[in-house]
Amino acid sequence: MPRLKTMRAESAGGVVYRLEDGVVQVVLVGRTAQNTWFLPKGTPLPGEPREQTAARETREETGLEVRVLEPIGSIQYWFVADRTRIHKTVYYYLMEPVGGDLSRHDPEYDRVAWFPIDQAIAVLTYANDADIVRRAGALIERRLAARAAS
C-alpha cells in the first residue's frame with residue numbers, strides 16, 4: 001500500500017458573541033441535512049493575516065460584520081483528502097457583531113443561528129469547537145466582570 005503524503009493546512013475563524021436580555025449568545029453555522037453545527041472558519045487568502053481571515057470568513061459564513069476582540073486559541077486535527085494526510089490548525093478569535101444580518105450569510109451553510117452559550121456547547125458537532133466556545137466563555141465572563149467593575 002503506498003504511503004500517503006502529508007501536508008499542513010491552516011484556517012481561522014471566530015466566536016461571535018452578544019448579550020441578549022442578560023444571556024450570552026454565540027452564533028453557529030450549520031447544515032440541516034446532516035444536522036450539524038460548527039463555528040465559522042475558513043482558509044486564508046494568499047498573504048492574508050490570520051485575524052483578517054477570521055473576520056472575513058466569519059462575515060461571509062454568518063452575514064455579520066464583526067470586530068475582532070482577542071485571540072481565543074487554536075485547535076489541531078488530522079484528516080485525509082485526495083490521498084493526502086492533512087494536519088490542520090485552526091486559529092480562533094473572540095468577536096462582537098458591529099453590523100450585518102444573519103440572513104446575508106453565504107450558501108456554504110443553510111442555517112445560521114444565535115444560541116445561548118451552554119446550548120451552543122451542547123449542539124456543536126465537534127468537541128474541539130465546544131472547547132473553543134468554553135474558552136471563549138471564560139474570556140467573555142472576564143470582559144463582563146471588568147465592564148461591571150468600571
# chains A, B, ... in the order shown; residues from 1 in each chain; ligands from 1
$ closest_atom_pairs --of "range 43-123 of chain A" --to "range 24-36 of chain A" --cutoff "10 Å" --atoms "only C-alpha atoms" --output "Markdown table"
| residue | atom | partner | partner_atom | distance |
| --- | --- | --- | --- | --- |
| A:Thr58 | CA | A:Val29 | CA | 9.6 |
| A:Glu61 | CA | A:Val29 | CA | 7.2 |
| A:Thr62 | CA | A:Val29 | CA | 6.9 |
| A:Leu64 | CA | A:Val27 | CA | 9.6 |
| A:Met95 | CA | A:Val26 | CA | 9.6 |
| A:Glu96 | CA | A:Val26 | CA | 9.4 |
| A:Pro97 | CA | A:Val27 | CA | 9.9 |
| A:Leu102 | CA | A:Val27 | CA | 9.1 |
| A:His105 | CA | A:Val29 | CA | 9.3 |
| A:Glu108 | CA | A:Arg31 | CA | 8.6 |
| A:Tyr109 | CA | A:Gly30 | CA | 5.4 |
| A:Asp110 | CA | A:Arg31 | CA | 5.4 |
| A:Arg111 | CA | A:Gly30 | CA | 5.2 |
| A:Val112 | CA | A:Val29 | CA | 4.4 |
| A:Ala113 | CA | A:Val27 | CA | 5.5 |
| A:Trp114 | CA | A:Val27 | CA | 4.3 |
| A:Phe115 | CA | A:Gln25 | CA | 5.1 |
| A:Pro116 | CA | A:Gln25 | CA | 4.2 |
| A:Ile117 | CA | A:Gln25 | CA | 5.2 |
| A:Asp118 | CA | A:Gln25 | CA | 8.7 |
| A:Gln119 | CA | A:Gln25 | CA | 9.0 |
| A:Ala120 | CA | A:Val26 | CA | 7.1 |
| A:Ile121 | CA | A:Val26 | CA | 9.7 |
| A:Val123 | CA | A:Thr36 | CA | 8.0 |
$ write_last_selection --atoms "C-alpha atoms" --output "tab-separated table (two decimals), in the first residue's frame"
chain	number	residue	atom	x	y	z
A	58	THR	CA	-16.97	34.89	9.80
A	61	GLU	CA	-20.46	32.50	6.66
A	62	THR	CA	-22.69	34.37	9.15
A	64	LEU	CA	-22.45	39.59	10.32
A	95	MET	CA	-15.54	38.74	18.12
A	96	GLU	CA	-18.51	41.01	18.54
A	97	PRO	CA	-21.06	41.93	15.88
A	102	LEU	CA	-27.72	36.54	9.63
A	105	HIS	CA	-24.78	34.55	5.04
A	108	GLU	CA	-21.96	27.27	2.23
A	109	TYR	CA	-24.26	26.68	5.22
A	110	ASP	CA	-28.04	26.61	5.08
A	111	ARG	CA	-28.58	27.64	8.68
A	112	VAL	CA	-27.05	30.30	10.89
A	113	ALA	CA	-28.40	30.99	14.37
A	114	TRP	CA	-27.71	32.51	17.77
A	115	PHE	CA	-27.55	30.09	20.73
A	116	PRO	CA	-27.16	30.65	24.46
A	117	ILE	CA	-23.55	29.68	25.10
A	118	ASP	CA	-24.37	26.49	27.06
A	119	GLN	CA	-26.73	25.30	24.32
A	120	ALA	CA	-24.10	26.08	21.66
A	121	ILE	CA	-21.59	23.90	23.51
A	123	VAL	CA	-25.14	21.19	19.92
$ select_by_dssp --residues "range 26-148 of chain A" --states "strand (DSSP E)" --output "ChimeraX atom specification"
/A:26-31,36-38,41-42,64-81,84-100,111-116
$ residues_around --residues "range 2-11 of chain A" --least-positions-apart "2" --cutoff "6 Å" --atoms "only C-alpha atoms" --output "JSON, numbers by chain"
{"A": [42, 43, 83, 84, 85, 86, 87, 88, 89, 90]}
$ select_by_dssp --residues "chain A" --states "helix (DSSP H, G or I)" --output "JSON, numbers by chain"
{"A": [50, 51, 52, 53, 54, 55, 56, 57, 58, 59, 60, 61, 62, 102, 103, 104, 117, 118, 119, 120, 121, 122, 123, 127, 128, 129, 130, 131, 132, 133, 134, 135, 136, 137, 138, 139, 140, 141, 142, 143, 144, 145, 146, 147, 148, 149]}
$ closest_residue --among "A:Ala122, A:Leu45, A:Val80, A:Ala136" --to "Gly14 in chain A" --atoms "only C-alpha atoms"
A:Ala136
$ decode --residues "range 93-141 of chain A" --atoms "N, CA and C atoms" --output "PDB file, in the first residue's frame"
ATOM      1  N   TYR A  93     -10.728  33.509  17.169  1.00  0.00           N
ATOM      2  CA  TYR A  93     -10.719  34.827  17.798  1.00  0.00           C
ATOM      3  C   TYR A  93     -12.091  35.126  18.374  1.00  0.00           C
ATOM      4  N   LEU A  94     -12.098  35.828  19.499  1.00  0.00           N
ATOM      5  CA  LEU A  94     -13.336  36.318  20.081  1.00  0.00           C
ATOM      6  C   LEU A  94     -13.751  37.565  19.310  1.00  0.00           C
ATOM      7  N   MET A  95     -15.034  37.649  18.954  1.00  0.00           N
ATOM      8  CA  MET A  95     -15.538  38.743  18.122  1.00  0.00           C
ATOM      9  C   MET A  95     -16.862  39.242  18.653  1.00  0.00           C
ATOM     10  N   GLU A  96     -17.186  40.480  18.264  1.00  0.00           N
ATOM     11  CA  GLU A  96     -18.513  41.009  18.539  1.00  0.00           C
ATOM     12  C   GLU A  96     -19.106  41.520  17.238  1.00  0.00           C
ATOM     13  N   PRO A  97     -20.440  41.429  17.102  1.00  0.00           N
ATOM     14  CA  PRO A  97     -21.064  41.931  15.877  1.00  0.00           C
ATOM     15  C   PRO A  97     -21.121  43.456  15.903  1.00  0.00           C
ATOM     16  N   VAL A  98     -20.870  44.064  14.756  1.00  0.00           N
ATOM     17  CA  VAL A  98     -20.962  45.527  14.642  1.00  0.00           C
ATOM     18  C   VAL A  98     -21.898  45.926  13.506  1.00  0.00           C
ATOM     19  N   GLY A  99     -22.562  44.945  12.902  1.00  0.00           N
ATOM     20  CA  GLY A  99     -23.488  45.210  11.808  1.00  0.00           C
ATOM     21  C   GLY A  99     -23.803  43.919  11.085  1.00  0.00           C
ATOM     22  N   GLY A 100     -24.461  44.061   9.938  1.00  0.00           N
ATOM     23  CA  GLY A 100     -24.816  42.893   9.145  1.00  0.00           C
ATOM     24  C   GLY A 100     -26.067  42.221   9.666  1.00  0.00           C
ATOM     25  N   ASP A 101     -26.342  41.050   9.108  1.00  0.00           N
ATOM     26  CA  ASP A 101     -27.567  40.335   9.432  1.00  0.00           C
ATOM     27  C   ASP A 101     -27.374  38.866   9.059  1.00  0.00           C
ATOM     28  N   LEU A 102     -27.882  37.975   9.892  1.00  0.00           N
ATOM     29  CA  LEU A 102     -27.725  36.540   9.625  1.00  0.00           C
ATOM     30  C   LEU A 102     -28.308  36.133   8.273  1.00  0.00           C
ATOM     31  N   SER A 103     -29.295  36.836   7.789  1.00  0.00           N
ATOM     32  CA  SER A 103     -29.910  36.478   6.508  1.00  0.00           C
ATOM     33  C   SER A 103     -28.959  36.701   5.336  1.00  0.00           C
ATOM     34  N   ARG A 104     -27.842  37.387   5.557  1.00  0.00           N
ATOM     35  CA  ARG A 104     -26.894  37.692   4.484  1.00  0.00           C
ATOM     36  C   ARG A 104     -25.750  36.681   4.393  1.00  0.00           C
ATOM     37  N   HIS A 105     -25.862  35.545   5.072  1.00  0.00           N
ATOM     38  CA  HIS A 105     -24.782  34.549   5.036  1.00  0.00           C
ATOM     39  C   HIS A 105     -24.683  33.911   3.660  1.00  0.00           C
ATOM     40  N   ASP A 106     -23.471  33.408   3.348  1.00  0.00           N
ATOM     41  CA  ASP A 106     -23.267  32.763   2.050  1.00  0.00           C
ATOM     42  C   ASP A 106     -23.912  31.377   2.035  1.00  0.00           C
ATOM     43  N   PRO A 107     -24.000  30.738   0.867  1.00  0.00           N
ATOM     44  CA  PRO A 107     -24.722  29.457   0.773  1.00  0.00           C
ATOM     45  C   PRO A 107     -23.937  28.237   1.256  1.00  0.00           C
ATOM     46  N   GLU A 108     -22.721  28.429   1.752  1.00  0.00           N
ATOM     47  CA  GLU A 108     -21.958  27.271   2.232  1.00  0.00           C
ATOM     48  C   GLU A 108     -22.725  26.523   3.321  1.00  0.00           C
ATOM     49  N   TYR A 109     -23.422  27.261   4.162  1.00  0.00           N
ATOM     50  CA  TYR A 109     -24.255  26.680   5.216  1.00  0.00           C
ATOM     51  C   TYR A 109     -25.691  27.125   4.993  1.00  0.00           C
ATOM     52  N   ASP A 110     -26.643  26.243   5.298  1.00  0.00           N
ATOM     53  CA  ASP A 110     -28.042  26.614   5.082  1.00  0.00           C
ATOM     54  C   ASP A 110     -28.729  27.092   6.358  1.00  0.00           C
ATOM     55  N   ARG A 111     -28.005  27.096   7.460  1.00  0.00           N
ATOM     56  CA  ARG A 111     -28.578  27.643   8.684  1.00  0.00           C
ATOM     57  C   ARG A 111     -27.501  28.350   9.496  1.00  0.00           C
ATOM     58  N   VAL A 112     -27.905  29.479  10.036  1.00  0.00           N
ATOM     59  CA  VAL A 112     -27.048  30.298  10.887  1.00  0.00           C
ATOM     60  C   VAL A 112     -27.940  30.802  12.013  1.00  0.00           C
ATOM     61  N   ALA A 113     -27.512  30.626  13.264  1.00  0.00           N
ATOM     62  CA  ALA A 113     -28.396  30.993  14.374  1.00  0.00           C
ATOM     63  C   ALA A 113     -27.602  31.359  15.618  1.00  0.00           C
ATOM     64  N   TRP A 114     -28.232  32.169  16.446  1.00  0.00           N
ATOM     65  CA  TRP A 114     -27.711  32.507  17.770  1.00  0.00           C
ATOM     66  C   TRP A 114     -28.156  31.446  18.766  1.00  0.00           C
ATOM     67  N   PHE A 115     -27.249  31.053  19.670  1.00  0.00           N
ATOM     68  CA  PHE A 115     -27.548  30.089  20.727  1.00  0.00           C
ATOM     69  C   PHE A 115     -27.033  30.626  22.052  1.00  0.00           C
ATOM     70  N   PRO A 116     -27.778  30.420  23.158  1.00  0.00           N
ATOM     71  CA  PRO A 116     -27.161  30.650  24.462  1.00  0.00           C
ATOM     72  C   PRO A 116     -25.886  29.800  24.536  1.00  0.00           C
ATOM     73  N   ILE A 117     -24.869  30.314  25.179  1.00  0.00           N
ATOM     74  CA  ILE A 117     -23.547  29.680  25.101  1.00  0.00           C
ATOM     75  C   ILE A 117     -23.573  28.217  25.542  1.00  0.00           C
ATOM     76  N   ASP A 118     -24.314  27.890  26.602  1.00  0.00           N
ATOM     77  CA  ASP A 118     -24.368  26.489  27.061  1.00  0.00           C
ATOM     78  C   ASP A 118     -25.030  25.586  26.024  1.00  0.00           C
ATOM     79  N   GLN A 119     -26.062  26.088  25.366  1.00  0.00           N
ATOM     80  CA  GLN A 119     -26.726  25.299  24.319  1.00  0.00           C
ATOM     81  C   GLN A 119     -25.809  25.131  23.112  1.00  0.00           C
ATOM     82  N   ALA A 120     -25.058  26.183  22.780  1.00  0.00           N
ATOM     83  CA  ALA A 120     -24.105  26.081  21.663  1.00  0.00           C
ATOM     84  C   ALA A 120     -23.096  24.972  21.929  1.00  0.00           C
ATOM     85  N   ILE A 121     -22.569  24.940  23.143  1.00  0.00           N
ATOM     86  CA  ILE A 121     -21.591  23.898  23.507  1.00  0.00           C
ATOM     87  C   ILE A 121     -22.217  22.517  23.336  1.00  0.00           C
ATOM     88  N   ALA A 122     -23.488  22.381  23.692  1.00  0.00           N
ATOM     89  CA  ALA A 122     -24.170  21.086  23.616  1.00  0.00           C
ATOM     90  C   ALA A 122     -24.456  20.645  22.181  1.00  0.00           C
ATOM     91  N   VAL A 123     -24.744  21.596  21.270  1.00  0.00           N
ATOM     92  CA  VAL A 123     -25.143  21.190  19.916  1.00  0.00           C
ATOM     93  C   VAL A 123     -23.984  21.132  18.920  1.00  0.00           C
ATOM     94  N   LEU A 124     -22.839  21.713  19.253  1.00  0.00           N
ATOM     95  CA  LEU A 124     -21.719  21.701  18.303  1.00  0.00           C
ATOM     96  C   LEU A 124     -21.346  20.265  17.927  1.00  0.00           C
ATOM     97  N   THR A 125     -21.074  20.047  16.667  1.00  0.00           N
ATOM     98  CA  THR A 125     -20.787  18.717  16.148  1.00  0.00           C
ATOM     99  C   THR A 125     -19.446  18.177  16.646  1.00  0.00           C
ATOM    100  N   TYR A 126     -18.439  19.053  16.772  1.00  0.00           N
ATOM    101  CA  TYR A 126     -17.097  18.612  17.154  1.00  0.00           C
ATOM    102  C   TYR A 126     -16.719  19.099  18.551  1.00  0.00           C
ATOM    103  N   ALA A 127     -16.122  18.189  19.322  1.00  0.00           N
ATOM    104  CA  ALA A 127     -15.692  18.526  20.681  1.00  0.00           C
ATOM    105  C   ALA A 127     -14.672  19.664  20.683  1.00  0.00           C
ATOM    106  N   ASN A 128     -13.806  19.720  19.657  1.00  0.00           N
ATOM    107  CA  ASN A 128     -12.815  20.796  19.589  1.00  0.00           C
ATOM    108  C   ASN A 128     -13.494  22.169  19.519  1.00  0.00           C
ATOM    109  N   ASP A 129     -14.577  22.264  18.748  1.00  0.00           N
ATOM    110  CA  ASP A 129     -15.322  23.521  18.661  1.00  0.00           C
ATOM    111  C   ASP A 129     -15.935  23.863  20.023  1.00  0.00           C
ATOM    112  N   ALA A 130     -16.486  22.861  20.697  1.00  0.00           N
ATOM    113  CA  ALA A 130     -17.066  23.096  22.023  1.00  0.00           C
ATOM    114  C   ALA A 130     -16.008  23.588  22.999  1.00  0.00           C
ATOM    115  N   ASP A 131     -14.797  23.040  22.924  1.00  0.00           N
ATOM    116  CA  ASP A 131     -13.706  23.505  23.794  1.00  0.00           C
ATOM    117  C   ASP A 131     -13.376  24.968  23.524  1.00  0.00           C
ATOM    118  N   ILE A 132     -13.379  25.360  22.257  1.00  0.00           N
ATOM    119  CA  ILE A 132     -13.115  26.760  21.909  1.00  0.00           C
ATOM    120  C   ILE A 132     -14.207  27.659  22.487  1.00  0.00           C
ATOM    121  N   VAL A 133     -15.462  27.232  22.402  1.00  0.00           N
ATOM    122  CA  VAL A 133     -16.559  28.037  22.949  1.00  0.00           C
ATOM    123  C   VAL A 133     -16.447  28.122  24.476  1.00  0.00           C
ATOM    124  N   ARG A 134     -16.027  27.046  25.123  1.00  0.00           N
ATOM    125  CA  ARG A 134     -15.796  27.109  26.579  1.00  0.00           C
ATOM    126  C   ARG A 134     -14.714  28.139  26.911  1.00  0.00           C
ATOM    127  N   ARG A 135     -13.610  28.113  26.155  1.00  0.00           N
ATOM    128  CA  ARG A 135     -12.542  29.099  26.372  1.00  0.00           C
ATOM    129  C   ARG A 135     -13.051  30.504  26.118  1.00  0.00           C
ATOM    130  N   ALA A 136     -13.850  30.665  25.054  1.00  0.00           N
ATOM    131  CA  ALA A 136     -14.435  31.971  24.756  1.00  0.00           C
ATOM    132  C   ALA A 136     -15.327  32.424  25.905  1.00  0.00           C
ATOM    133  N   GLY A 137     -16.085  31.492  26.475  1.00  0.00           N
ATOM    134  CA  GLY A 137     -16.956  31.823  27.604  1.00  0.00           C
ATOM    135  C   GLY A 137     -16.187  32.410  28.766  1.00  0.00           C
ATOM    136  N   ALA A 138     -15.008  31.847  29.055  1.00  0.00           N
ATOM    137  CA  ALA A 138     -14.179  32.383  30.140  1.00  0.00           C
ATOM    138  C   ALA A 138     -13.706  33.801  29.812  1.00  0.00           C
ATOM    139  N   LEU A 139     -13.333  34.042  28.562  1.00  0.00           N
ATOM    140  CA  LEU A 139     -12.909  35.388  28.156  1.00  0.00           C
ATOM    141  C   LEU A 139     -14.071  36.375  28.238  1.00  0.00           C
ATOM    142  N   ILE A 140     -15.249  35.930  27.836  1.00  0.00           N
ATOM    143  CA  ILE A 140     -16.435  36.784  27.881  1.00  0.00           C
ATOM    144  C   ILE A 140     -16.759  37.136  29.328  1.00  0.00           C
ATOM    145  N   GLU A 141     -16.731  36.142  30.224  1.00  0.00           N
ATOM    146  CA  GLU A 141     -17.001  36.401  31.643  1.00  0.00           C
ATOM    147  C   GLU A 141     -16.021  37.424  32.195  1.00  0.00           C
TER     148      GLU A 141
END
